[in-house]
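One structure is given below, encoded as C-alpha cells.
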Amino acid sequence: MLDTGEQSDWERRRRLKWLAAGVGGLVLAGLIALPFLKRAAPAILPPQLSSVVAPIPEDPADWRGRIDYRAVDARLRAMMTDRSMQGLAVAIVEDGRLAFVHGYGYTAADNAERVSAKTVFRWASLSKTVAGTLTARLAADGALSLQDPLSVFNTSLKLPGDAQVGLTLEQLLAQRTGLGRNAYDGRLEDGEDPTVIRGSFASLKPVCPPGTCHTYQNIAYDTITEVVHARTGLDYAEAVKRRLFEPLGMKNATFGEGGLKSSAHWAKPSRHGRALPFSDAYYHVPAAAGVNSTIVDLAIWMQAQMGLRPDVLSTGVLGEVQRSRVGTGRPYGRLNIARELKGPGYGLGMRSFTYRGHDLVGHSGGVAGYRSTMMFEPATRTGIVMLWNSDANLPFRYQAEFFDRVYGLPFTDFLELDRGDPIPSGSELAD
C-alpha cells in the first residue's frame with residue numbers, strides 16, 4: 001500500500017501520460033494542478049486507514065454493527081455493580097472498524113470524575129506487545145536480527161551458565177530464558193535497580209535449559225530496552241514514540257509515572273472501593289510494563305495489530321510478532337475462561353490460543369490497582385480492549401462472553417456475579 005502522504009513514481013507517470021493525451025490547455029492546467037493534488041493526497045485515505053481514524057463512537061447512537069451493543073452495554077453495567085470494580089474503559093473493533101467506546105464507573109475511589117474515552121490508564125504487561133512489535137519492526141528495517149544473540153549487544157543480563165551469550169532476541173521476547181517465573185520481581189517492587197537485578201540472575205538455578213520452555217519474566221524481558229538503545233541510539237520510550245506511537249496517531253500514549261500523572265484525566269489505583277498507594281516499581285522496566293494510554297489509543301494499537309496500518313506495521317512484522325514460538329500454561333490461571341482457551345502459545349510479547357475453534361491473539365496485564373487486556377481474532381479483525389483501575393478479574397472473564405456473542409453462541413455466564421470476584425494473591429504484576 002502507498003504511504004498516504006506520497007505518490008509513487010508509477011502513479012505520477014500514469015497521471016502525466018493521461019494528461020498528455022488531452023488538448024494543450026488541459027495539459028497545462030493539469031500540470032499546474034499536480035502539486036496541489038499531491039499535497040491533498042493525505043485527505044484521501046485507503047479503506048484500512050479510514051477505519052482507524054473514524055469518529056469515536058462513544059455515544060450509544062453511534063454503536064452500529066452486527067454485534068448487539070446495547071446488550072454488551074447492559075452486561076458491562078451489570079459487571080460494574082460488583083464491589084471489585086471501580087472504573088472501566090472499553091472499546092470494540094468489529095470487522096476492522098472502531099464500533100464501540102464507553103466508560104463506566106469512576107477514575108478514583110472518591111467518585112469525583114467519571115471514566116470516559118479521555119481517561120488514561122496503565123497498560124501494565126500489555127506493554128510487552130509494544131516491545132515485541134518494535135523489535136520485529138527494527139529487524140524488518142535491517143537494524144538487527146531476531147536471531148542475534150544477546151552477546152552482540154553487551155547487555156546487563158547474566159544467566160546461569162552464561163546462557164545469555166547464546167540466547168537470541170527471539171528467545172528473550174518469547175520468554176524462553178530458562179529462569180523461574182517472575183524471577184526477582186520482589187526485588188524490583190522493593191525499589192532495586194533492574195540492571196543490578198539482571199546482573200544477579202546468574203546465581204539462580206534454571207527451571208529448564210534456555211530456549212526450551214516458556215517462563216514468564218518482567219525484569220529479564222526488559223533487557224530488550226538495552227538492545228533498542230544500542231541499535232537506535234535512542235531511549236526506549238523515545239524509540240517507541242518515533243517509530244510506533246506517533247506514526248499510528250496514538251496521541252495520548254506515554255511512558256512512566258510522569259506520562260500518566262501529566263494527563264488531564266488519569267485513573268487512580270483502587271482495590272474494593274478503596275484507594276491504593278501508587279506504586280511506580282514496574283515503570284522501571286518499561287518494555288515489560290511501562291505504557292499508559294486512553295482506551296481509544298489502545299484500540300488503535302489493536303487495529304494496527306490487525307493489519308490495518310501496513311504503512312507502519314507490515315504483514316511480515318505482524319507475522320513475526322503473533323506467531324507462537326513456544327507453548328505455555330493456561331493464561332488466566334484458575335479463572336473459568338482459562339478452561340476454554342486451548343493450545344496457548346507465546347510469540348514476541350504476544351499470546352495466542354484457540355477459543356471455540358477460533359484463533360485469537362492478545363495479551364493482558366496487571367499491577368497493583370490496574371488491569372488491562374486485549375483480545376482479537378486476526379481473521380475477522382474483531383476484538384475487544386479494556387482498561388480498569390482496580391485488581392478485579394471480572395473483565396478478563398467477560399472476554400469469553402463477548403466472543404460468544406460475536407460468534408452467535410448460546411450464553412454462558414462467565415462473570416458469575418453471584419459468586420463475587422476475589423482479589424488475587426501473589427506478585428504485584430499479574431498476567
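Ordering of the C-alpha cells sets the chain letters (A, B, ...); residue numbers start at 1 within each chain; ligands are numbered from 1 in the order shown.
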Find the residues near range 74-86 of chain A: any atom within 9 Å, counting only C-alpha atoms, skip ones fewer than 2 places away on the same chain, and give them as a PyMOL selection string.
chain A and resi 69-72+88+104-109+111+269-274+388-395+398+415+417+420-423
Using only C-alpha atoms, which protein or nucleic acid residues come within 10 Å of Gly357 in chain A? Drop anything in the same chain fewer than 2 positions from it, and give the result as a ChimeraX atom specification.
/A:340-342,353-355,359-360
Next, write the just-selected residues to a file, as a PDB file, in the first residue's frame, keeping all heavy atoms as the atom set.
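Listing of out-v5.pdb after writing:
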```pdb
ATOM      1  N   GLU A 340     -11.316 -22.647  28.632  1.00  0.00           N
ATOM      2  CA  GLU A 340     -11.794 -22.600  27.252  1.00  0.00           C
ATOM      3  C   GLU A 340     -10.737 -22.148  26.253  1.00  0.00           C
ATOM      4  O   GLU A 340     -10.972 -22.185  25.046  1.00  0.00           O
ATOM      5  CB  GLU A 340     -13.016 -21.676  27.170  1.00  0.00           C
ATOM      6  CG  GLU A 340     -14.143 -22.014  28.120  1.00  0.00           C
ATOM      7  CD  GLU A 340     -14.696 -23.410  27.883  1.00  0.00           C
ATOM      8  OE1 GLU A 340     -14.661 -23.876  26.722  1.00  0.00           O
ATOM      9  OE2 GLU A 340     -15.164 -24.038  28.851  1.00  0.00           O
ATOM     10  N   LEU A 341      -9.595 -21.676  26.725  1.00  0.00           N
ATOM     11  CA  LEU A 341      -8.539 -21.203  25.829  1.00  0.00           C
ATOM     12  C   LEU A 341      -7.575 -22.357  25.565  1.00  0.00           C
ATOM     13  O   LEU A 341      -6.772 -22.722  26.411  1.00  0.00           O
ATOM     14  CB  LEU A 341      -7.813 -20.010  26.462  1.00  0.00           C
ATOM     15  CG  LEU A 341      -8.691 -18.796  26.766  1.00  0.00           C
ATOM     16  CD1 LEU A 341      -7.875 -17.693  27.429  1.00  0.00           C
ATOM     17  CD2 LEU A 341      -9.380 -18.271  25.510  1.00  0.00           C
ATOM     18  N   LYS A 342      -7.665 -22.919  24.375  1.00  0.00           N
ATOM     19  CA  LYS A 342      -6.925 -24.126  24.037  1.00  0.00           C
ATOM     20  C   LYS A 342      -5.631 -23.788  23.290  1.00  0.00           C
ATOM     21  O   LYS A 342      -5.533 -22.815  22.570  1.00  0.00           O
ATOM     22  CB  LYS A 342      -7.783 -25.046  23.158  1.00  0.00           C
ATOM     23  CG  LYS A 342      -9.189 -25.311  23.697  1.00  0.00           C
ATOM     24  CD  LYS A 342      -9.173 -25.992  25.059  1.00  0.00           C
ATOM     25  CE  LYS A 342     -10.605 -26.315  25.512  1.00  0.00           C
ATOM     26  NZ  LYS A 342     -10.634 -26.926  26.851  1.00  0.00           N
ATOM     27  N   PHE A 353      -4.059 -18.369  21.220  1.00  0.00           N
ATOM     28  CA  PHE A 353      -4.816 -19.516  21.701  1.00  0.00           C
ATOM     29  C   PHE A 353      -6.025 -19.690  20.795  1.00  0.00           C
ATOM     30  O   PHE A 353      -6.321 -18.843  19.938  1.00  0.00           O
ATOM     31  CB  PHE A 353      -5.280 -19.336  23.151  1.00  0.00           C
ATOM     32  CG  PHE A 353      -5.441 -17.910  23.583  1.00  0.00           C
ATOM     33  CD1 PHE A 353      -6.483 -17.125  23.116  1.00  0.00           C
ATOM     34  CD2 PHE A 353      -4.527 -17.321  24.451  1.00  0.00           C
ATOM     35  CE1 PHE A 353      -6.625 -15.804  23.507  1.00  0.00           C
ATOM     36  CE2 PHE A 353      -4.652 -15.993  24.837  1.00  0.00           C
ATOM     37  CZ  PHE A 353      -5.705 -15.243  24.368  1.00  0.00           C
ATOM     38  N   THR A 354      -6.722 -20.786  20.994  1.00  0.00           N
ATOM     39  CA  THR A 354      -7.950 -21.064  20.250  1.00  0.00           C
ATOM     40  C   THR A 354      -9.124 -21.028  21.213  1.00  0.00           C
ATOM     41  O   THR A 354      -9.062 -21.629  22.290  1.00  0.00           O
ATOM     42  CB  THR A 354      -7.878 -22.437  19.562  1.00  0.00           C
ATOM     43  OG1 THR A 354      -6.785 -22.441  18.649  1.00  0.00           O
ATOM     44  CG2 THR A 354      -9.152 -22.727  18.794  1.00  0.00           C
ATOM     45  N   TYR A 355     -10.191 -20.317  20.808  1.00  0.00           N
ATOM     46  CA  TYR A 355     -11.407 -20.247  21.625  1.00  0.00           C
ATOM     47  C   TYR A 355     -12.594 -20.680  20.771  1.00  0.00           C
ATOM     48  O   TYR A 355     -12.859 -20.069  19.726  1.00  0.00           O
ATOM     49  CB  TYR A 355     -11.634 -18.831  22.163  1.00  0.00           C
ATOM     50  CG  TYR A 355     -12.906 -18.701  22.964  1.00  0.00           C
ATOM     51  CD1 TYR A 355     -12.982 -19.196  24.258  1.00  0.00           C
ATOM     52  CD2 TYR A 355     -14.046 -18.119  22.406  1.00  0.00           C
ATOM     53  CE1 TYR A 355     -14.152 -19.114  24.985  1.00  0.00           C
ATOM     54  CE2 TYR A 355     -15.218 -18.013  23.129  1.00  0.00           C
ATOM     55  CZ  TYR A 355     -15.278 -18.520  24.420  1.00  0.00           C
ATOM     56  OH  TYR A 355     -16.446 -18.441  25.142  1.00  0.00           O
ATOM     57  N   ASP A 359      -9.075 -18.869  16.170  1.00  0.00           N
ATOM     58  CA  ASP A 359      -7.728 -18.463  16.572  1.00  0.00           C
ATOM     59  C   ASP A 359      -7.723 -17.004  17.014  1.00  0.00           C
ATOM     60  O   ASP A 359      -8.086 -16.107  16.243  1.00  0.00           O
ATOM     61  CB  ASP A 359      -6.753 -18.645  15.410  1.00  0.00           C
ATOM     62  CG  ASP A 359      -6.559 -20.110  15.047  1.00  0.00           C
ATOM     63  OD1 ASP A 359      -6.670 -20.961  15.953  1.00  0.00           O
ATOM     64  OD2 ASP A 359      -6.310 -20.402  13.862  1.00  0.00           O
ATOM     65  N   LEU A 360      -7.311 -16.776  18.263  1.00  0.00           N
ATOM     66  CA  LEU A 360      -7.271 -15.434  18.838  1.00  0.00           C
ATOM     67  C   LEU A 360      -5.855 -15.105  19.289  1.00  0.00           C
ATOM     68  O   LEU A 360      -5.061 -16.005  19.575  1.00  0.00           O
ATOM     69  CB  LEU A 360      -8.209 -15.339  20.047  1.00  0.00           C
ATOM     70  CG  LEU A 360      -9.677 -15.721  19.839  1.00  0.00           C
ATOM     71  CD1 LEU A 360     -10.451 -15.572  21.143  1.00  0.00           C
ATOM     72  CD2 LEU A 360     -10.316 -14.860  18.749  1.00  0.00           C
TER      73      LEU A 360
END
```
Compile the contact shell of Thr315 in chain A as a PyMOL selection string: residues with an atom at most 12 Å away, counting only C-alpha atoms, same-chain residues fewer than 3 positions apart removed.
chain A and resi 1+133+136-137+140+304-312+318-323+378
Those residues with all heavy atoms, as a compact mmCIF listing (two decimals), in the first residue's frame please?
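Below you can see selection36.txt, which holds the result:
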```
# COMPACT_ATOMS: atom_id res chain seq x y z
N MET A 1 0.84 -1.19 0.00
CA MET A 1 0.00 0.00 0.00
C MET A 1 0.88 1.25 0.00
O MET A 1 1.90 1.30 0.64
CB MET A 1 -0.90 0.00 1.23
CG MET A 1 -1.77 1.24 1.37
SD MET A 1 -2.86 1.11 2.78
CE MET A 1 -3.91 -0.21 2.20
N THR A 133 6.79 -5.85 19.15
CA THR A 133 6.50 -5.26 17.85
C THR A 133 7.61 -4.33 17.39
O THR A 133 8.01 -4.34 16.22
CB THR A 133 5.16 -4.50 17.91
OG1 THR A 133 4.11 -5.40 18.28
CG2 THR A 133 4.82 -3.87 16.56
N ALA A 136 10.55 -6.44 16.20
CA ALA A 136 10.27 -7.03 14.89
C ALA A 136 10.35 -5.99 13.80
O ALA A 136 10.82 -6.27 12.68
CB ALA A 136 8.89 -7.70 14.90
N ARG A 137 9.91 -4.78 14.09
CA ARG A 137 9.99 -3.68 13.12
C ARG A 137 11.46 -3.33 12.85
O ARG A 137 11.86 -3.12 11.69
CB ARG A 137 9.23 -2.46 13.66
CG ARG A 137 9.45 -1.16 12.92
CD ARG A 137 8.75 -1.09 11.58
NE ARG A 137 9.14 0.13 10.89
CZ ARG A 137 8.53 1.32 11.04
NH1 ARG A 137 7.48 1.43 11.85
NH2 ARG A 137 8.94 2.37 10.36
N ALA A 140 12.88 -5.94 10.60
CA ALA A 140 12.44 -5.76 9.21
C ALA A 140 13.18 -4.61 8.54
O ALA A 140 13.41 -4.64 7.33
CB ALA A 140 10.93 -5.51 9.18
N ALA A 304 -3.91 -1.72 14.54
CA ALA A 304 -2.61 -1.87 13.87
C ALA A 304 -2.16 -3.33 13.91
O ALA A 304 -1.63 -3.85 12.92
CB ALA A 304 -1.57 -0.98 14.53
N GLN A 305 -2.40 -4.02 15.04
CA GLN A 305 -2.06 -5.43 15.15
C GLN A 305 -2.94 -6.30 14.26
O GLN A 305 -2.57 -7.42 13.90
CB GLN A 305 -2.16 -5.89 16.61
CG GLN A 305 -1.12 -5.31 17.53
CD GLN A 305 0.27 -5.85 17.27
OE1 GLN A 305 0.43 -6.98 16.81
NE2 GLN A 305 1.30 -5.05 17.55
N MET A 306 -4.10 -5.78 13.87
CA MET A 306 -4.99 -6.49 12.96
C MET A 306 -4.55 -6.37 11.50
O MET A 306 -5.14 -6.99 10.62
CB MET A 306 -6.41 -5.94 13.09
CG MET A 306 -7.11 -6.27 14.40
SD MET A 306 -8.70 -5.40 14.50
CE MET A 306 -9.43 -6.18 15.95
N GLY A 307 -3.56 -5.52 11.26
CA GLY A 307 -3.08 -5.34 9.89
C GLY A 307 -3.65 -4.14 9.18
O GLY A 307 -3.49 -3.99 7.96
N LEU A 308 -4.32 -3.25 9.92
CA LEU A 308 -4.95 -2.08 9.30
C LEU A 308 -4.00 -0.92 9.08
O LEU A 308 -4.40 0.09 8.49
CB LEU A 308 -6.13 -1.62 10.17
CG LEU A 308 -7.32 -2.60 10.19
CD1 LEU A 308 -8.29 -2.23 11.29
CD2 LEU A 308 -8.02 -2.60 8.84
N ARG A 309 -2.77 -1.04 9.54
CA ARG A 309 -1.79 0.02 9.30
C ARG A 309 -0.52 -0.54 8.69
O ARG A 309 0.56 -0.51 9.29
CB ARG A 309 -1.48 0.76 10.62
CG ARG A 309 -2.62 1.62 11.13
CD ARG A 309 -3.02 2.71 10.13
NE ARG A 309 -1.90 3.54 9.74
CZ ARG A 309 -1.54 4.66 10.38
NH1 ARG A 309 -2.24 5.06 11.42
NH2 ARG A 309 -0.50 5.36 9.96
N PRO A 310 -0.60 -1.06 7.47
CA PRO A 310 0.59 -1.64 6.82
C PRO A 310 1.66 -0.62 6.52
O PRO A 310 2.81 -0.98 6.28
CB PRO A 310 0.02 -2.25 5.54
CG PRO A 310 -1.23 -1.48 5.26
CD PRO A 310 -1.79 -1.17 6.61
N ASP A 311 1.31 0.67 6.55
CA ASP A 311 2.32 1.71 6.36
C ASP A 311 3.26 1.79 7.55
O ASP A 311 4.38 2.29 7.44
CB ASP A 311 1.64 3.07 6.14
CG ASP A 311 0.70 3.45 7.27
OD1 ASP A 311 -0.05 2.57 7.75
OD2 ASP A 311 0.71 4.63 7.67
N VAL A 312 2.83 1.28 8.71
CA VAL A 312 3.66 1.28 9.92
C VAL A 312 4.08 -0.13 10.29
O VAL A 312 5.25 -0.38 10.61
CB VAL A 312 2.90 1.94 11.10
CG1 VAL A 312 3.78 1.95 12.36
CG2 VAL A 312 2.46 3.35 10.75
N LEU A 318 3.93 -8.23 11.61
CA LEU A 318 2.87 -8.78 12.43
C LEU A 318 2.95 -10.31 12.51
O LEU A 318 2.67 -10.90 13.55
CB LEU A 318 1.50 -8.36 11.88
CG LEU A 318 1.21 -6.85 11.93
CD1 LEU A 318 -0.15 -6.57 11.33
CD2 LEU A 318 1.29 -6.32 13.36
N GLY A 319 3.34 -10.93 11.41
CA GLY A 319 3.51 -12.38 11.43
C GLY A 319 4.56 -12.82 12.43
O GLY A 319 4.38 -13.82 13.14
N GLU A 320 5.66 -12.08 12.48
CA GLU A 320 6.72 -12.40 13.45
C GLU A 320 6.23 -12.21 14.88
O GLU A 320 6.52 -13.02 15.77
CB GLU A 320 7.95 -11.53 13.20
CG GLU A 320 8.71 -11.86 11.94
CD GLU A 320 9.50 -13.15 12.06
OE1 GLU A 320 9.42 -13.83 13.09
OE2 GLU A 320 10.20 -13.49 11.09
N VAL A 321 5.50 -11.14 15.13
CA VAL A 321 5.04 -10.83 16.48
C VAL A 321 4.04 -11.87 16.98
O VAL A 321 4.13 -12.35 18.12
CB VAL A 321 4.41 -9.43 16.53
CG1 VAL A 321 3.76 -9.17 17.89
CG2 VAL A 321 5.46 -8.36 16.23
N GLN A 322 3.10 -12.23 16.13
CA GLN A 322 1.97 -13.05 16.57
C GLN A 322 2.19 -14.55 16.44
O GLN A 322 1.44 -15.34 17.01
CB GLN A 322 0.72 -12.62 15.80
CG GLN A 322 0.33 -11.17 16.09
CD GLN A 322 -0.78 -10.65 15.21
OE1 GLN A 322 -1.52 -11.42 14.58
NE2 GLN A 322 -0.93 -9.33 15.15
N ARG A 323 3.21 -14.97 15.72
CA ARG A 323 3.47 -16.40 15.54
C ARG A 323 4.00 -17.01 16.84
O ARG A 323 4.99 -16.56 17.39
CB ARG A 323 4.48 -16.59 14.41
CG ARG A 323 4.90 -18.05 14.18
CD ARG A 323 5.70 -18.20 12.91
NE ARG A 323 6.95 -17.43 12.95
CZ ARG A 323 8.09 -17.87 13.46
NH1 ARG A 323 8.14 -19.08 14.02
NH2 ARG A 323 9.19 -17.13 13.42
N PRO A 378 -7.58 -12.20 14.39
CA PRO A 378 -6.98 -11.60 13.21
C PRO A 378 -7.77 -11.84 11.93
O PRO A 378 -7.83 -10.96 11.06
CB PRO A 378 -5.59 -12.26 13.14
CG PRO A 378 -5.30 -12.67 14.55
CD PRO A 378 -6.62 -13.07 15.11
```
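Proximity ranking of A:Val228, A:Ala163, A:Ala174, A:Leu298 relative to Arg243 in chain A places A:Val228 first, based on only C-alpha atoms.
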Proximity check range 155-243 of chain A to range 112-132 of chain A, 12 Å, nearest pairs one decimal Å, only C-alpha atoms, as a tab-separated table:
```
residue	atom	partner	partner_atom	distance
A:Leu169	CA	A:Gly132	CA	9.6
A:Glu170	CA	A:Gly132	CA	8.9
A:Gln171	CA	A:Gly132	CA	11.1
A:Leu172	CA	A:Gly132	CA	9.8
A:Leu173	CA	A:Gly132	CA	6.3
A:Ala174	CA	A:Gly132	CA	8.7
A:Gln175	CA	A:Lys128	CA	10.6
A:Tyr216	CA	A:Ser125	CA	10.7
A:Gln217	CA	A:Ser125	CA	10.1
A:Asn218	CA	A:Ser125	CA	8.3
A:Ile219	CA	A:Lys128	CA	11.6
A:Ala220	CA	A:Lys128	CA	12.0
A:Tyr221	CA	A:Lys128	CA	8.4
A:Asp222	CA	A:Ala131	CA	8.5
A:Thr223	CA	A:Ala131	CA	10.3
A:Ile224	CA	A:Ala131	CA	7.4
A:Thr225	CA	A:Ala131	CA	8.1
A:Glu226	CA	A:Ala131	CA	11.5
A:Val227	CA	A:Ala131	CA	10.8
A:Val228	CA	A:Ala131	CA	9.2
A:Tyr236	CA	A:Ala131	CA	9.0
A:Ala237	CA	A:Ala131	CA	10.0
A:Ala239	CA	A:Ala131	CA	10.3
A:Val240	CA	A:Val130	CA	7.7
A:Lys241	CA	A:Val130	CA	10.5
A:Arg243	CA	A:Val130	CA	10.8
```
Please identify which residues in range 47-90 of chain A DSSP calls helix (DSSP H, G or I) from the backbone, and express them as a list in words.
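The residues of range 47-90 of chain A classed as helix (DSSP H, G or I) are Pro47, Gln48, Leu49, Ser50, Ser51, Val52, Pro60, Ala61, Asp62, Tyr69, Arg70, Ala71, Val72, Asp73, Ala74, Arg75, Leu76, Arg77, Ala78 and Met79 of chain A.
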As a list in words, please: every residue in range 226-336 of chain A that DSSP puts in strand (DSSP E).
Thr254, Phe255, Ser270, Arg271, Arg274, Ala275, Val291, Asn292, Ser293, Val326 and Gly327 of chain A
Name all residues at most 7 Å from range 151-159 of chain A (count only C-alpha atoms; drop same-chain ones fewer than 5 positions away) and give them as a PyMOL selection string.
chain A and resi 164-166+195+198-202+220+223+226-227+230
Write the selection just made, keeping C-alpha atoms, as a CSV table (one decimal), in the first residue's frame?
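Contents of the output file selection_22.csv:
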```csv
chain,number,residue,atom,x,y,z
A,164,GLN,CA,22.9,-15.1,27.8
A,165,VAL,CA,25.8,-15.4,25.4
A,166,GLY,CA,23.8,-17.6,23.0
A,195,THR,CA,20.1,-3.5,35.7
A,198,ARG,CA,19.6,-8.6,35.8
A,199,GLY,CA,23.3,-9.0,36.6
A,200,SER,CA,22.4,-11.3,39.6
A,201,PHE,CA,20.3,-13.9,37.7
A,202,ALA,CA,23.4,-16.0,37.1
A,220,ALA,CA,14.7,-10.1,32.2
A,223,THR,CA,16.7,-6.3,28.6
A,226,GLU,CA,19.2,-2.0,26.1
A,227,VAL,CA,19.2,-3.7,22.7
A,230,ALA,CA,22.2,0.0,21.2
```
Just the number, please: distance in Å from CA of Ser293 in chain A to CA of Ala253 in chain A, one decimal.
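These atoms are spaced 4.3 Å apart.
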Separation of CA of His102 in chain A from CA of Gln303 in chain A in Å:
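We find that CA of Gln303 in chain A and CA of His102 in chain A lie 17.3 Å from each other.
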Residue with smallest distance to Asn182 in chain A - pool A:Leu234, A:Val93, A:Leu248, A:Ala288, counting only C-alpha atoms
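Going through A:Leu234, A:Val93, A:Leu248, A:Ala288 one by one, the smallest distance to Asn182 in chain A is for A:Ala288.
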